[in-house]
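> Input entry29.cif, format and content: mmCIF, C-alpha atoms.
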```
data_run
loop_
_atom_site.label_atom_id
_atom_site.label_comp_id
_atom_site.auth_asym_id
_atom_site.auth_seq_id
_atom_site.Cartn_x
_atom_site.Cartn_y
_atom_site.Cartn_z
CA MET J 1101 1.64 16.25 -14.76
CA PRO J 1102 3.95 13.21 -14.51
CA HIS J 1103 2.09 9.90 -14.73
CA VAL J 1104 2.18 6.25 -15.81
CA VAL J 1105 -0.79 4.22 -17.04
CA LEU J 1106 -0.50 0.56 -16.11
CA GLU J 1107 -2.45 -1.70 -18.39
CA GLY J 1108 -4.05 -4.77 -16.89
CA ARG J 1109 -4.02 -8.34 -18.01
CA GLU J 1110 -7.00 -9.54 -19.99
CA ALA J 1111 -10.29 -9.09 -18.11
CA ARG J 1112 -8.59 -7.23 -15.25
CA ASP J 1113 -10.32 -4.38 -13.47
CA GLY J 1114 -8.33 -1.37 -12.24
CA ARG J 1115 -10.03 -1.63 -8.84
CA LEU J 1116 -8.81 -5.21 -8.48
CA VAL J 1117 -5.27 -4.09 -9.24
CA ILE J 1118 -5.49 -1.42 -6.53
CA ASP J 1119 -7.00 -3.89 -4.04
CA GLU J 1120 -4.28 -6.44 -4.79
CA PHE J 1121 -1.51 -3.87 -4.41
CA ALA J 1122 -3.01 -2.40 -1.22
CA ALA J 1123 -3.21 -5.86 0.35
CA ARG J 1124 0.50 -6.48 -0.38
CA PHE J 1125 1.87 -2.97 0.13
CA GLU J 1126 5.03 -2.72 2.20
CA PRO J 1127 6.65 0.63 3.01
CA PHE J 1128 9.96 1.04 1.20
CA VAL J 1129 13.05 3.22 1.02
CA VAL J 1130 15.19 3.53 -2.12
CA ARG J 1131 18.55 5.32 -2.21
CA GLU J 1132 20.08 6.20 -5.57
CA GLN J 1133 23.17 8.42 -5.38
CA ASP J 1134 21.90 11.79 -4.04
CA LEU J 1135 18.22 10.74 -4.09
CA LEU J 1136 16.15 9.19 -1.32
CA VAL J 1137 12.58 7.98 -1.98
CA LYS J 1138 10.50 6.77 0.94
CA ALA J 1139 6.95 5.42 0.55
CA GLU J 1140 5.49 5.30 4.03
CA ARG J 1141 1.74 4.62 4.03
CA LEU J 1142 -1.05 3.61 1.69
CA TYR J 1143 -4.58 4.90 2.15
CA ARG J 1144 -7.36 3.22 0.16
CA GLU J 1145 -10.88 4.47 -0.35
CA ARG J 1146 -13.43 2.22 1.26
CA ASP J 1147 -15.04 1.36 -2.07
CA GLY J 1148 -11.66 0.78 -3.72
CA ARG J 1149 -12.02 3.52 -6.33
CA ALA J 1150 -8.61 4.97 -5.56
CA ALA J 1151 -5.65 4.90 -3.21
CA LEU J 1152 -3.02 7.37 -2.03
CA VAL J 1153 0.57 6.56 -1.15
CA GLU J 1154 2.38 8.98 1.16
CA VAL J 1155 5.86 9.69 -0.22
CA VAL J 1156 8.92 11.63 0.90
CA VAL J 1157 11.64 12.54 -1.63
CA VAL J 1158 14.97 14.06 -0.63
CA GLU J 1159 17.22 15.36 -3.43
CA ARG J 1160 20.49 17.09 -2.56
CA GLY J 1161 19.03 18.17 0.79
CA PHE J 1162 15.69 19.38 -0.66
CA THR J 1163 12.79 17.50 0.98
CA GLN J 1164 9.31 17.16 -0.50
CA LYS J 1165 6.32 15.32 0.99
CA PHE J 1166 3.37 14.46 -1.23
CA PHE J 1167 0.87 11.78 -2.24
CA ILE J 1168 0.90 9.59 -5.32
CA GLN J 1169 -2.61 8.70 -6.45
CA LEU J 1170 -3.61 5.31 -7.84
CA SER J 1171 -6.87 5.45 -9.78
CA PRO J 1172 -8.61 2.82 -11.92
CA LYS J 1173 -8.55 3.40 -15.66
CA ASP J 1174 -10.34 0.87 -17.84
CA ALA J 1175 -8.53 -2.43 -17.24
CA GLY J 1176 -5.60 -0.82 -15.46
CA VAL J 1177 -4.41 1.92 -13.14
CA THR J 1178 -3.13 5.48 -13.52
CA VAL J 1179 -0.24 6.36 -11.19
CA ARG J 1180 0.14 10.13 -10.83
CA LEU J 1181 0.65 12.94 -8.37
CA GLU J 1182 -2.35 13.75 -6.21
CA PRO J 1183 -3.21 17.25 -7.48
CA LEU J 1184 -3.76 18.84 -4.04
CA THR J 1185 -0.21 18.08 -2.84
CA ASP J 1186 1.44 19.61 -5.96
CA PRO J 1187 5.19 19.13 -5.30
CA GLU J 1188 7.83 20.61 -7.58
CA LYS J 1189 8.10 18.15 -10.49
CA THR J 1190 11.78 17.31 -10.01
CA ALA J 1191 13.63 14.26 -11.33
CA GLY J 1192 13.27 12.69 -7.87
CA VAL J 1193 9.48 13.13 -7.84
CA ARG J 1194 9.27 11.55 -11.29
CA ARG J 1195 11.50 8.70 -10.14
CA ALA J 1196 9.25 8.15 -7.09
CA ILE J 1197 6.23 7.72 -9.39
CA ALA J 1198 8.23 5.29 -11.53
CA LEU J 1199 9.39 3.26 -8.51
CA LEU J 1200 5.84 2.94 -7.18
CA ALA J 1201 4.54 1.99 -10.64
CA HIS J 1202 7.21 -0.71 -10.84
CA ARG J 1203 6.08 -2.21 -7.53
CA ILE J 1204 2.50 -2.34 -8.82
CA VAL J 1205 3.72 -4.04 -12.01
CA GLU J 1206 5.55 -6.66 -9.91
CA VAL J 1207 2.48 -7.40 -7.76
CA SER J 1208 -0.24 -7.25 -10.41
CA GLY J 1209 1.28 -8.42 -13.67
CA CYS J 1210 0.27 -5.17 -15.37
CA VAL J 1211 2.54 -3.65 -18.01
CA TYR J 1212 3.58 -0.06 -18.65
CA GLY J 1213 1.24 1.82 -20.96
CA ARG J 1214 1.19 5.53 -21.78
CA THR J 1215 3.55 7.71 -19.76
CA ASN J 1216 5.38 11.01 -19.84
CA ILE J 1217 8.19 9.79 -17.55
CA GLN J 1218 9.60 7.04 -19.81
CA GLU J 1219 13.23 7.73 -18.89
CA TYR J 1220 12.54 7.18 -15.15
CA LEU J 1221 10.77 3.81 -15.44
CA VAL J 1222 12.30 0.65 -13.99
CA ARG J 1223 12.79 -1.93 -16.76
#
```
Here is a file; write its structure as structure tokens.

Amino acid sequence: MPHVVLEGREARDGRLVIDEFAARFEPFVVREQDLLVKAERLYRERDGRAALVEVVVVERGFTQKFFIQLSPKDAGVTVRLEPLTDPEKTAGVRRAIALLAHRIVEVSGCVYGRTNIQEYLVR
């Protein structure tokens, strides 16, 4: 399953990272050649344990709708596909995860940790 672990700054809590990102979330659209990634809505659990971002990816006319899950992990956050929405793991879906992870990095000051989508990350 494609994912990125974002590691927090010293003494950071993954829930705080999610809260901070949720408070500053803005829907976005990214176009890259024949790829369109649209993040439309963010849903956060009341207790802040996790959040879901509703995403649409269009690649060469093939449209997929799914959720990307943000869940606390130690002093950071894991960004991965929500298992119940299970889209086809295309390059565009991997890029969508990377784009969302990059936005969290920008807001929170986290850094990229373990991942299996290295080539899709925004540097």
> Using the chain letters and numbers from this file, what does the PyMOL selection byres ((chain J and resi 1172) around 6) select? Give the answer as a PDB file with C-alpha atoms, in the frame of the given file.

```
ATOM      1  CA  GLY J1114      -8.330  -1.370 -12.240  1.00  0.00           C
ATOM      2  CA  ARG J1115     -10.030  -1.630  -8.840  1.00  0.00           C
ATOM      3  CA  SER J1171      -6.870   5.450  -9.780  1.00  0.00           C
ATOM      4  CA  LYS J1173      -8.550   3.400 -15.660  1.00  0.00           C
ATOM      5  CA  GLY J1176      -5.600  -0.820 -15.460  1.00  0.00           C
ATOM      6  CA  VAL J1177      -4.410   1.920 -13.140  1.00  0.00           C
TER       7      VAL J1177
END
```
> Of the candidates J:Tyr1220, J:Phe1162, J:Tyr1212, J:Phe1128, which one gets nearest to Pro1102 (chain J) if we count only C-alpha atoms?
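The shortest atom-to-atom distance to Pro1102 (chain J) comes from J:Tyr1220.
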> Please determine, counting all atoms listed in the file, which residue among J:Val1155, J:Val1129, J:Ile1217, J:Leu1135 has the shortest atom-to-atom distance to Thr1185 (chain J).
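That would be J:Val1155, the residue with the smallest distance to Thr1185 (chain J).
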> Can you work out which one of J:Val1158, J:Ala1201, J:Met1101, J:Val1117 has the shortest atom-to-atom distance to Asp1174 (chain J), counting all atoms listed in the file?
J:Val1117
> Could you tell me which residues the PyMOL selection byres ((chain J and resi 1184) around 12) grabs in this file, written as a list in words?
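Applying the PyMOL selection byres ((chain J and resi 1184) around 12) to the structure shown produces Leu1152, Lys1165, Phe1166, Phe1167, Ile1168, Gln1169, Arg1180, Leu1181, Glu1182, Pro1183, Thr1185, Asp1186 and Pro1187 of chain J.
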> Out of J:Gly1108, J:Gly1161, J:Gly1148, J:Gly1213, which residue has the shortest atom-to-atom distance to Ala1123 (chain J) when counting all atoms listed in the file?
J:Gly1148
> Just to confirm, what's the straight-line distance from CA of Gln1218 (chain J) to CA of Glu1120 (chain J) in Å (one decimal)?
24.5 Å
> Would you compute the distance between CA of Val1105 (chain J) and CA of Asp1119 (chain J)? Give it in Å to one decimal.
16.5 Å
> Using all atoms listed in the file, pick whichever of J:Glu1206, J:Glu1188, J:Glu1154, J:Glu1107 has the shortest atom-to-atom distance to Lys1138 (chain J).
J:Glu1154
> Grab the CA of Leu1221 (chain J) to CA of Ala1198 (chain J) distance for me, in Å with one decimal place.
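Computed distance, CA of Leu1221 (chain J) to CA of Ala1198 (chain J), equals 4.9 Å.
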> Just checking: using all atoms listed in the file, which residue out of J:Ala1139, J:Leu1200, J:Val1193, J:Glu1159 ends up closest to Val1179 (chain J)?
J:Leu1200
> Starting from 4 Å padding per side, set up an axis-aligned box that covers all listed atoms of region 1136-1144 of chain J and hand over centre and edge lengths in Å, one decimal, as AutoDock Vina command-line options.

```
--center_x 4.4 --center_y 6.2 --center_z 1.0 --size_x 31.5 --size_y 14.0 --size_z 14.0
```
> Given the file shown, enumerate the residues that the PyMOL selection byres ((chain J and resi 1210) around 6) captures and present them as a list in words.
Leu1106, Glu1107, Gly1108, Arg1109, Val1205, Ser1208, Gly1209 and Val1211 of chain J
> Just the residues within 10 Å of Arg1124 (chain J), please, counting all atoms listed in the file, with nothing from its chain fewer than 6 positions along; format it as a PyMOL selection string.
chain J and resi 1118+1204+1207
> Could you add the missing atoms to region 1101-1121 of chain J, up to N, CA and C atoms, and return them as a PDB file, in the coordinates of the input?

```
ATOM      1  N   MET J1101       1.550  16.969 -16.033  1.00  0.00           N
ATOM      2  CA  MET J1101       1.640  16.250 -14.760  1.00  0.00           C
ATOM      3  C   MET J1101       2.255  14.881 -15.027  1.00  0.00           C
ATOM      4  N   PRO J1102       3.320  14.519 -14.304  1.00  0.00           N
ATOM      5  CA  PRO J1102       3.950  13.210 -14.510  1.00  0.00           C
ATOM      6  C   PRO J1102       3.007  12.066 -14.138  1.00  0.00           C
ATOM      7  N   HIS J1103       2.978  11.034 -14.992  1.00  0.00           N
ATOM      8  CA  HIS J1103       2.090   9.900 -14.730  1.00  0.00           C
ATOM      9  C   HIS J1103       2.536   8.662 -15.508  1.00  0.00           C
ATOM     10  N   VAL J1104       2.003   7.525 -15.099  1.00  0.00           N
ATOM     11  CA  VAL J1104       2.180   6.250 -15.810  1.00  0.00           C
ATOM     12  C   VAL J1104       0.819   5.568 -15.812  1.00  0.00           C
ATOM     13  N   VAL J1105       0.410   5.057 -16.965  1.00  0.00           N
ATOM     14  CA  VAL J1105      -0.790   4.220 -17.040  1.00  0.00           C
ATOM     15  C   VAL J1105      -0.314   2.779 -17.073  1.00  0.00           C
ATOM     16  N   LEU J1106      -0.821   1.983 -16.142  1.00  0.00           N
ATOM     17  CA  LEU J1106      -0.500   0.560 -16.110  1.00  0.00           C
ATOM     18  C   LEU J1106      -1.674  -0.194 -16.706  1.00  0.00           C
ATOM     19  N   GLU J1107      -1.391  -0.982 -17.706  1.00  0.00           N
ATOM     20  CA  GLU J1107      -2.450  -1.700 -18.390  1.00  0.00           C
ATOM     21  C   GLU J1107      -2.563  -3.100 -17.808  1.00  0.00           C
ATOM     22  N   GLY J1108      -3.809  -3.491 -17.539  1.00  0.00           N
ATOM     23  CA  GLY J1108      -4.050  -4.770 -16.890  1.00  0.00           C
ATOM     24  C   GLY J1108      -3.998  -5.943 -17.837  1.00  0.00           C
ATOM     25  N   ARG J1109      -3.910  -7.110 -17.243  1.00  0.00           N
ATOM     26  CA  ARG J1109      -4.020  -8.340 -18.010  1.00  0.00           C
ATOM     27  C   ARG J1109      -5.444  -8.436 -18.537  1.00  0.00           C
ATOM     28  N   GLU J1110      -5.667  -9.358 -19.429  1.00  0.00           N
ATOM     29  CA  GLU J1110      -7.000  -9.540 -19.990  1.00  0.00           C
ATOM     30  C   GLU J1110      -8.037  -9.696 -18.891  1.00  0.00           C
ATOM     31  N   ALA J1111      -9.142  -9.022 -19.034  1.00  0.00           N
ATOM     32  CA  ALA J1111     -10.290  -9.090 -18.110  1.00  0.00           C
ATOM     33  C   ALA J1111      -9.954  -8.602 -16.706  1.00  0.00           C
ATOM     34  N   ARG J1112      -8.928  -7.782 -16.560  1.00  0.00           N
ATOM     35  CA  ARG J1112      -8.590  -7.230 -15.250  1.00  0.00           C
ATOM     36  C   ARG J1112      -9.335  -5.921 -15.057  1.00  0.00           C
ATOM     37  N   ASP J1113      -9.637  -5.611 -13.826  1.00  0.00           N
ATOM     38  CA  ASP J1113     -10.320  -4.380 -13.470  1.00  0.00           C
ATOM     39  C   ASP J1113      -9.321  -3.545 -12.666  1.00  0.00           C
ATOM     40  N   GLY J1114      -9.252  -2.245 -12.959  1.00  0.00           N
ATOM     41  CA  GLY J1114      -8.330  -1.370 -12.240  1.00  0.00           C
ATOM     42  C   GLY J1114      -8.528  -1.412 -10.736  1.00  0.00           C
ATOM     43  N   ARG J1115      -9.770  -1.558 -10.281  1.00  0.00           N
ATOM     44  CA  ARG J1115     -10.030  -1.630  -8.840  1.00  0.00           C
ATOM     45  C   ARG J1115      -9.399  -2.881  -8.237  1.00  0.00           C
ATOM     46  N   LEU J1116      -9.435  -3.979  -8.974  1.00  0.00           N
ATOM     47  CA  LEU J1116      -8.810  -5.210  -8.480  1.00  0.00           C
ATOM     48  C   LEU J1116      -7.304  -5.049  -8.352  1.00  0.00           C
ATOM     49  N   VAL J1117      -6.707  -4.341  -9.305  1.00  0.00           N
ATOM     50  CA  VAL J1117      -5.270  -4.090  -9.240  1.00  0.00           C
ATOM     51  C   VAL J1117      -4.940  -3.276  -7.992  1.00  0.00           C
ATOM     52  N   ILE J1118      -5.717  -2.237  -7.723  1.00  0.00           N
ATOM     53  CA  ILE J1118      -5.490  -1.420  -6.530  1.00  0.00           C
ATOM     54  C   ILE J1118      -5.693  -2.240  -5.265  1.00  0.00           C
ATOM     55  N   ASP J1119      -6.749  -3.033  -5.214  1.00  0.00           N
ATOM     56  CA  ASP J1119      -7.000  -3.890  -4.040  1.00  0.00           C
ATOM     57  C   ASP J1119      -5.839  -4.858  -3.808  1.00  0.00           C
ATOM     58  N   GLU J1120      -5.376  -5.474  -4.886  1.00  0.00           N
ATOM     59  CA  GLU J1120      -4.280  -6.440  -4.790  1.00  0.00           C
ATOM     60  C   GLU J1120      -3.003  -5.759  -4.286  1.00  0.00           C
ATOM     61  N   PHE J1121      -2.698  -4.595  -4.838  1.00  0.00           N
ATOM     62  CA  PHE J1121      -1.510  -3.870  -4.410  1.00  0.00           C
ATOM     63  C   PHE J1121      -1.636  -3.403  -2.969  1.00  0.00           C
TER      64      PHE J1121
END
```
